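Working notes, structure below.
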Amino acid sequence: MANELYFEDFHLGQKFQSHGSVKVTAADIKEFGEKYDPQPFHLDETAGENSFFGGLAASGWLTAAIVMRMRVETIRVAGGMIGAGVEEIRWTMPVRPGDSLHTDTEVVGVRQSNKRPNFGVVTIQTLTLNQREEIVMRSRVNFLAPLRSAKK
């Protein structure tokens, strides 16, 4: 994989912006809702209008899945981005049909792993924004990145 990043390549304050955006459709919202989060406001426009959300709204987990894809496409960790925990996830406003999402990510922590000597732990803060630059999700996650010296 070209431009793979190792633990040594990450530093505090480093920023990554997603490559482009992902447009969310009503069909995406309903399909994900039917499969994984079958609540009325994720499945039907009328039910959504009569809910807390005032319209069809994407599951927060759909938003999180979209963000995961954008992370791995933007931050190309050698061997893949191995999750090491979520410290925080906040859905700050609903994602609607037609919204285009993009991410701004900052490295907020880097440390050697105590349990895995061939890896470091990278902590990132990601803001997920819609086409109006409104924050729809905020998350702070940890992932493992291999040390370059552990490269086989």
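Naming scheme: A, B, ... for chains in displayed order of the structure tokens; residues 1 onward per chain; ligands 1 onward as shown.
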Just the strand (DSSP E) stuff from chain A, please, per backbone DSSP, written as a PyMOL selection string. chain A and resi 15-17+22-23+82-91+100-112+119-129+135-146
So that I have them on file, write out the residues from the current selection with N, CA and C atoms, as a compact mmCIF listing (two decimals), in the first residue's frame.
# COMPACT_ATOMS: atom_id res chain seq x y z
N LYS A 15 -2.85 16.92 11.30
CA LYS A 15 -4.24 17.00 10.84
C LYS A 15 -4.43 16.24 9.54
N PHE A 16 -5.62 15.67 9.43
CA PHE A 16 -6.02 14.94 8.24
C PHE A 16 -7.43 15.38 7.86
N GLN A 17 -7.63 15.66 6.59
CA GLN A 17 -8.97 15.95 6.09
C GLN A 17 -9.37 14.83 5.15
N VAL A 22 -19.05 12.19 1.50
CA VAL A 22 -19.98 11.09 1.25
C VAL A 22 -21.39 11.66 1.36
N LYS A 23 -22.16 11.49 0.29
CA LYS A 23 -23.54 11.95 0.29
C LYS A 23 -24.44 10.84 0.83
N ILE A 82 -6.12 -0.64 13.33
CA ILE A 82 -6.63 -1.59 14.33
C ILE A 82 -7.20 -0.80 15.50
N GLY A 83 -8.50 -0.90 15.69
CA GLY A 83 -9.16 -0.15 16.75
C GLY A 83 -8.68 -0.58 18.13
N ALA A 84 -8.49 0.40 19.01
CA ALA A 84 -8.06 0.13 20.39
C ALA A 84 -8.98 0.85 21.38
N GLY A 85 -10.17 1.18 20.93
CA GLY A 85 -11.15 1.76 21.86
C GLY A 85 -11.66 3.11 21.43
N VAL A 86 -12.88 3.38 21.84
CA VAL A 86 -13.52 4.67 21.61
C VAL A 86 -13.63 5.36 22.95
N GLU A 87 -13.06 6.54 23.05
CA GLU A 87 -13.14 7.30 24.29
C GLU A 87 -14.41 8.13 24.35
N GLU A 88 -14.84 8.63 23.18
CA GLU A 88 -16.04 9.47 23.14
C GLU A 88 -16.64 9.43 21.75
N ILE A 89 -17.97 9.43 21.72
CA ILE A 89 -18.68 9.64 20.48
C ILE A 89 -19.93 10.45 20.83
N ARG A 90 -20.12 11.54 20.12
CA ARG A 90 -21.26 12.43 20.36
C ARG A 90 -21.91 12.75 19.02
N TRP A 91 -23.21 12.50 18.95
CA TRP A 91 -23.98 12.89 17.78
C TRP A 91 -24.62 14.23 18.11
N SER A 100 -24.07 15.85 2.81
CA SER A 100 -22.74 15.40 2.38
C SER A 100 -21.80 15.55 3.56
N LEU A 101 -21.21 14.46 3.98
CA LEU A 101 -20.36 14.45 5.16
C LEU A 101 -18.88 14.42 4.80
N HIS A 102 -18.10 15.14 5.58
CA HIS A 102 -16.65 15.08 5.47
C HIS A 102 -16.07 15.19 6.87
N THR A 103 -14.78 14.88 7.00
CA THR A 103 -14.17 14.85 8.33
C THR A 103 -12.91 15.70 8.40
N ASP A 104 -12.69 16.23 9.60
CA ASP A 104 -11.44 16.88 9.99
C ASP A 104 -10.95 16.12 11.21
N THR A 105 -9.73 15.60 11.13
CA THR A 105 -9.18 14.76 12.20
C THR A 105 -7.85 15.34 12.66
N GLU A 106 -7.64 15.29 13.98
CA GLU A 106 -6.38 15.76 14.56
C GLU A 106 -5.83 14.69 15.49
N VAL A 107 -4.52 14.47 15.43
CA VAL A 107 -3.85 13.56 16.36
C VAL A 107 -3.71 14.30 17.69
N VAL A 108 -4.29 13.70 18.75
CA VAL A 108 -4.26 14.34 20.07
C VAL A 108 -3.46 13.52 21.09
N GLY A 109 -2.97 12.36 20.67
CA GLY A 109 -2.15 11.56 21.57
C GLY A 109 -1.34 10.53 20.80
N VAL A 110 -0.11 10.31 21.24
CA VAL A 110 0.75 9.26 20.70
C VAL A 110 1.55 8.69 21.86
N ARG A 111 1.55 7.37 21.96
CA ARG A 111 2.33 6.73 23.02
C ARG A 111 2.68 5.31 22.61
N GLN A 112 3.77 4.85 23.12
CA GLN A 112 4.18 3.46 22.91
C GLN A 112 3.19 2.56 23.63
N PHE A 119 3.96 -1.97 18.62
CA PHE A 119 2.93 -1.02 18.23
C PHE A 119 2.94 0.20 19.12
N GLY A 120 2.43 1.28 18.56
CA GLY A 120 2.14 2.47 19.33
C GLY A 120 0.64 2.71 19.28
N VAL A 121 0.16 3.51 20.23
CA VAL A 121 -1.25 3.87 20.28
C VAL A 121 -1.39 5.33 19.85
N VAL A 122 -2.23 5.56 18.87
CA VAL A 122 -2.50 6.91 18.37
C VAL A 122 -3.94 7.26 18.75
N THR A 123 -4.11 8.44 19.34
CA THR A 123 -5.45 8.92 19.68
C THR A 123 -5.78 10.08 18.75
N ILE A 124 -6.97 9.99 18.14
CA ILE A 124 -7.40 11.04 17.22
C ILE A 124 -8.77 11.59 17.63
N GLN A 125 -8.96 12.87 17.36
CA GLN A 125 -10.24 13.55 17.55
C GLN A 125 -10.76 13.85 16.15
N THR A 126 -11.97 13.38 15.85
CA THR A 126 -12.55 13.60 14.52
C THR A 126 -13.83 14.40 14.63
N LEU A 127 -13.91 15.45 13.84
CA LEU A 127 -15.15 16.20 13.67
C LEU A 127 -15.75 15.79 12.34
N THR A 128 -17.01 15.42 12.36
CA THR A 128 -17.74 15.09 11.15
C THR A 128 -18.67 16.24 10.85
N LEU A 129 -18.55 16.79 9.65
CA LEU A 129 -19.30 17.99 9.28
C LEU A 129 -20.17 17.72 8.06
N ILE A 135 -21.21 20.65 12.67
CA ILE A 135 -20.70 19.41 13.25
C ILE A 135 -21.89 18.49 13.55
N VAL A 136 -21.86 17.29 12.95
CA VAL A 136 -22.93 16.32 13.18
C VAL A 136 -22.48 15.19 14.10
N MET A 137 -21.17 15.00 14.21
CA MET A 137 -20.63 13.99 15.12
C MET A 137 -19.22 14.38 15.53
N ARG A 138 -18.91 14.09 16.77
CA ARG A 138 -17.57 14.32 17.32
C ARG A 138 -17.13 13.01 17.95
N SER A 139 -15.93 12.58 17.66
CA SER A 139 -15.46 11.32 18.24
C SER A 139 -13.98 11.39 18.58
N ARG A 140 -13.63 10.59 19.57
CA ARG A 140 -12.23 10.48 20.01
C ARG A 140 -11.95 8.99 20.13
N VAL A 141 -11.03 8.50 19.30
CA VAL A 141 -10.76 7.07 19.25
C VAL A 141 -9.26 6.80 19.31
N ASN A 142 -8.94 5.57 19.67
CA ASN A 142 -7.55 5.09 19.72
C ASN A 142 -7.38 3.99 18.70
N PHE A 143 -6.22 3.97 18.06
CA PHE A 143 -5.89 2.84 17.18
C PHE A 143 -4.44 2.48 17.33
N LEU A 144 -4.13 1.25 16.95
CA LEU A 144 -2.74 0.77 16.99
C LEU A 144 -2.09 1.02 15.64
N ALA A 145 -0.85 1.44 15.69
CA ALA A 145 -0.04 1.62 14.48
C ALA A 145 1.29 0.89 14.72
N PRO A 146 1.72 0.09 13.76
CA PRO A 146 2.97 -0.65 13.95
C PRO A 146 4.19 0.27 13.93
Would you mind writing down, as a list in words, each residue of range 22-64 of chain A that DSSP on the backbone assigns to alpha helix (DSSP H)?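 After running DSSP on the backbone, range 22-64 of chain A has alpha helix (DSSP H) at Ala26, Ala27, Asp28, Ile29, Lys30, Glu31, Phe32, Gly33, Glu34, Lys35, Tyr36, Pro40, Phe41, His42, Leu43, Glu45, Thr46, Ala47, Gly48, Glu49, Gly60, Trp61, Leu62, Thr63 and Ala64 of chain A.
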Print the selection's residues with N, CA and C atoms to a file, as a PDB file, in the first residue's frame.
ATOM      1  N   ALA A  26     -31.727   8.974   1.329  1.00  0.00           N
ATOM      2  CA  ALA A  26     -32.838   8.393   2.092  1.00  0.00           C
ATOM      3  C   ALA A  26     -32.757   6.868   2.038  1.00  0.00           C
ATOM      4  N   ALA A  27     -32.398   6.321   0.887  1.00  0.00           N
ATOM      5  CA  ALA A  27     -32.274   4.866   0.749  1.00  0.00           C
ATOM      6  C   ALA A  27     -31.184   4.319   1.674  1.00  0.00           C
ATOM      7  N   ASP A  28     -30.050   5.024   1.781  1.00  0.00           N
ATOM      8  CA  ASP A  28     -28.976   4.603   2.694  1.00  0.00           C
ATOM      9  C   ASP A  28     -29.494   4.550   4.129  1.00  0.00           C
ATOM     10  N   ILE A  29     -30.194   5.612   4.521  1.00  0.00           N
ATOM     11  CA  ILE A  29     -30.709   5.723   5.892  1.00  0.00           C
ATOM     12  C   ILE A  29     -31.674   4.581   6.198  1.00  0.00           C
ATOM     13  N   LYS A  30     -32.608   4.348   5.283  1.00  0.00           N
ATOM     14  CA  LYS A  30     -33.621   3.312   5.501  1.00  0.00           C
ATOM     15  C   LYS A  30     -33.014   1.910   5.484  1.00  0.00           C
ATOM     16  N   GLU A  31     -32.101   1.667   4.545  1.00  0.00           N
ATOM     17  CA  GLU A  31     -31.476   0.339   4.449  1.00  0.00           C
ATOM     18  C   GLU A  31     -30.692   0.014   5.715  1.00  0.00           C
ATOM     19  N   PHE A  32     -29.893   0.969   6.186  1.00  0.00           N
ATOM     20  CA  PHE A  32     -29.126   0.744   7.411  1.00  0.00           C
ATOM     21  C   PHE A  32     -30.076   0.576   8.586  1.00  0.00           C
ATOM     22  N   GLY A  33     -31.099   1.429   8.649  1.00  0.00           N
ATOM     23  CA  GLY A  33     -32.070   1.336   9.725  1.00  0.00           C
ATOM     24  C   GLY A  33     -32.762  -0.019   9.765  1.00  0.00           C
ATOM     25  N   GLU A  34     -33.209  -0.484   8.610  1.00  0.00           N
ATOM     26  CA  GLU A  34     -33.881  -1.783   8.537  1.00  0.00           C
ATOM     27  C   GLU A  34     -32.970  -2.905   9.012  1.00  0.00           C
ATOM     28  N   LYS A  35     -31.700  -2.810   8.649  1.00  0.00           N
ATOM     29  CA  LYS A  35     -30.761  -3.887   8.945  1.00  0.00           C
ATOM     30  C   LYS A  35     -30.214  -3.825  10.377  1.00  0.00           C
ATOM     31  N   TYR A  36     -29.932  -2.611  10.869  1.00  0.00           N
ATOM     32  CA  TYR A  36     -29.179  -2.501  12.125  1.00  0.00           C
ATOM     33  C   TYR A  36     -29.803  -1.634  13.218  1.00  0.00           C
ATOM     34  N   PRO A  40     -38.467   3.838  14.085  1.00  0.00           N
ATOM     35  CA  PRO A  40     -39.343   4.468  13.092  1.00  0.00           C
ATOM     36  C   PRO A  40     -38.745   5.690  12.397  1.00  0.00           C
ATOM     37  N   PHE A  41     -38.006   6.515  13.120  1.00  0.00           N
ATOM     38  CA  PHE A  41     -37.457   7.741  12.533  1.00  0.00           C
ATOM     39  C   PHE A  41     -36.291   7.496  11.589  1.00  0.00           C
ATOM     40  N   HIS A  42     -35.807   6.231  11.526  1.00  0.00           N
ATOM     41  CA  HIS A  42     -34.778   5.843  10.557  1.00  0.00           C
ATOM     42  C   HIS A  42     -35.378   5.112   9.353  1.00  0.00           C
ATOM     43  N   LEU A  43     -36.666   4.803   9.428  1.00  0.00           N
ATOM     44  CA  LEU A  43     -37.287   3.940   8.425  1.00  0.00           C
ATOM     45  C   LEU A  43     -38.325   4.627   7.553  1.00  0.00           C
ATOM     46  N   GLU A  45     -40.348   8.505   6.482  1.00  0.00           N
ATOM     47  CA  GLU A  45     -40.377   9.964   6.531  1.00  0.00           C
ATOM     48  C   GLU A  45     -41.465  10.491   7.467  1.00  0.00           C
ATOM     49  N   THR A  46     -42.664   9.925   7.388  1.00  0.00           N
ATOM     50  CA  THR A  46     -43.769  10.403   8.227  1.00  0.00           C
ATOM     51  C   THR A  46     -43.480  10.146   9.700  1.00  0.00           C
ATOM     52  N   ALA A  47     -42.995   8.955   9.999  1.00  0.00           N
ATOM     53  CA  ALA A  47     -42.630   8.654  11.385  1.00  0.00           C
ATOM     54  C   ALA A  47     -41.528   9.607  11.855  1.00  0.00           C
ATOM     55  N   GLY A  48     -40.586   9.895  10.962  1.00  0.00           N
ATOM     56  CA  GLY A  48     -39.524  10.840  11.296  1.00  0.00           C
ATOM     57  C   GLY A  48     -40.058  12.226  11.578  1.00  0.00           C
ATOM     58  N   GLU A  49     -41.024  12.679  10.770  1.00  0.00           N
ATOM     59  CA  GLU A  49     -41.614  14.006  10.959  1.00  0.00           C
ATOM     60  C   GLU A  49     -42.326  14.121  12.302  1.00  0.00           C
ATOM     61  N   GLY A  60     -27.156   7.182  14.159  1.00  0.00           N
ATOM     62  CA  GLY A  60     -25.806   7.635  14.502  1.00  0.00           C
ATOM     63  C   GLY A  60     -24.770   6.592  14.144  1.00  0.00           C
ATOM     64  N   TRP A  61     -25.182   5.325  14.175  1.00  0.00           N
ATOM     65  CA  TRP A  61     -24.248   4.248  13.845  1.00  0.00           C
ATOM     66  C   TRP A  61     -23.938   4.214  12.351  1.00  0.00           C
ATOM     67  N   LEU A  62     -24.891   4.642  11.523  1.00  0.00           N
ATOM     68  CA  LEU A  62     -24.597   4.793  10.095  1.00  0.00           C
ATOM     69  C   LEU A  62     -23.561   5.896   9.910  1.00  0.00           C
ATOM     70  N   THR A  63     -23.747   7.001  10.605  1.00  0.00           N
ATOM     71  CA  THR A  63     -22.784   8.101  10.535  1.00  0.00           C
ATOM     72  C   THR A  63     -21.403   7.609  10.979  1.00  0.00           C
ATOM     73  N   ALA A  64     -21.365   6.859  12.081  1.00  0.00           N
ATOM     74  CA  ALA A  64     -20.087   6.337  12.577  1.00  0.00           C
ATOM     75  C   ALA A  64     -19.430   5.404  11.564  1.00  0.00           C
TER      76      ALA A  64
END
Kindly give the distance, in Å, that separates CA of Ala78 in chain A and CA of Gly20 in chain A, rounded to a single decimal.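 About the pair CA of Ala78 in chain A and CA of Gly20 in chain A: they are 21.8 Å apart.
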Neighbouring residues of Val24 in chain A were defined as those with any atom within 6 Å, considering only C-alpha atoms; residues of the same chain fewer than 4 positions away were excluded. Please report them as a list in words.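 Near neighbours after the sequence-gap exclusion: Pro97, Gly98 and Asp99 of chain A.
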Go ahead and save the residues from that selection, with N, CA, C and O atoms, as a PDB file, in the first residue's frame.
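And here is the file that came out, selection.pdb:
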ATOM      1  N   PRO A  97     -31.313  13.021   4.733  1.00  0.00           N
ATOM      2  CA  PRO A  97     -31.118  12.673   3.320  1.00  0.00           C
ATOM      3  C   PRO A  97     -30.582  13.884   2.555  1.00  0.00           C
ATOM      4  O   PRO A  97     -31.048  15.008   2.755  1.00  0.00           O
ATOM      5  N   GLY A  98     -29.584  13.643   1.736  1.00  0.00           N
ATOM      6  CA  GLY A  98     -28.975  14.717   0.955  1.00  0.00           C
ATOM      7  C   GLY A  98     -27.774  15.364   1.613  1.00  0.00           C
ATOM      8  O   GLY A  98     -27.048  16.122   0.963  1.00  0.00           O
ATOM      9  N   ASP A  99     -27.538  15.082   2.890  1.00  0.00           N
ATOM     10  CA  ASP A  99     -26.359  15.651   3.552  1.00  0.00           C
ATOM     11  C   ASP A  99     -25.090  15.033   2.965  1.00  0.00           C
ATOM     12  O   ASP A  99     -25.049  13.839   2.656  1.00  0.00           O
TER      13      ASP A  99
END
Given only C-alpha atoms as the counted atoms, nearest of A:Leu12, A:Val67, A:Ile75, A:Val95 to Arg132 in chain A: A:Val95
Length of the CA of Ser59 in chain A to CA of Arg96 in chain A vector [Å]: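 Separation between CA of Ser59 in chain A and CA of Arg96 in chain A: 9.8 Å.
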Figure out the distance between CA of Asp44 in chain A and CA of Ala65 in chain A, please, to one decimal in Å. 20.7 Å
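Of the listed residues A:Ser18, A:Thr25, A:Gln131, A:Asn3, the one whose atoms come nearest to Arg71 in chain A is A:Ser18, with distances taken using only C-alpha atoms.
Checking A:Met93, A:Val72, A:Val77, A:Ile66 one by one against Gly54 in chain A, counting only C-alpha atoms, you find the shortest gap at A:Met93.
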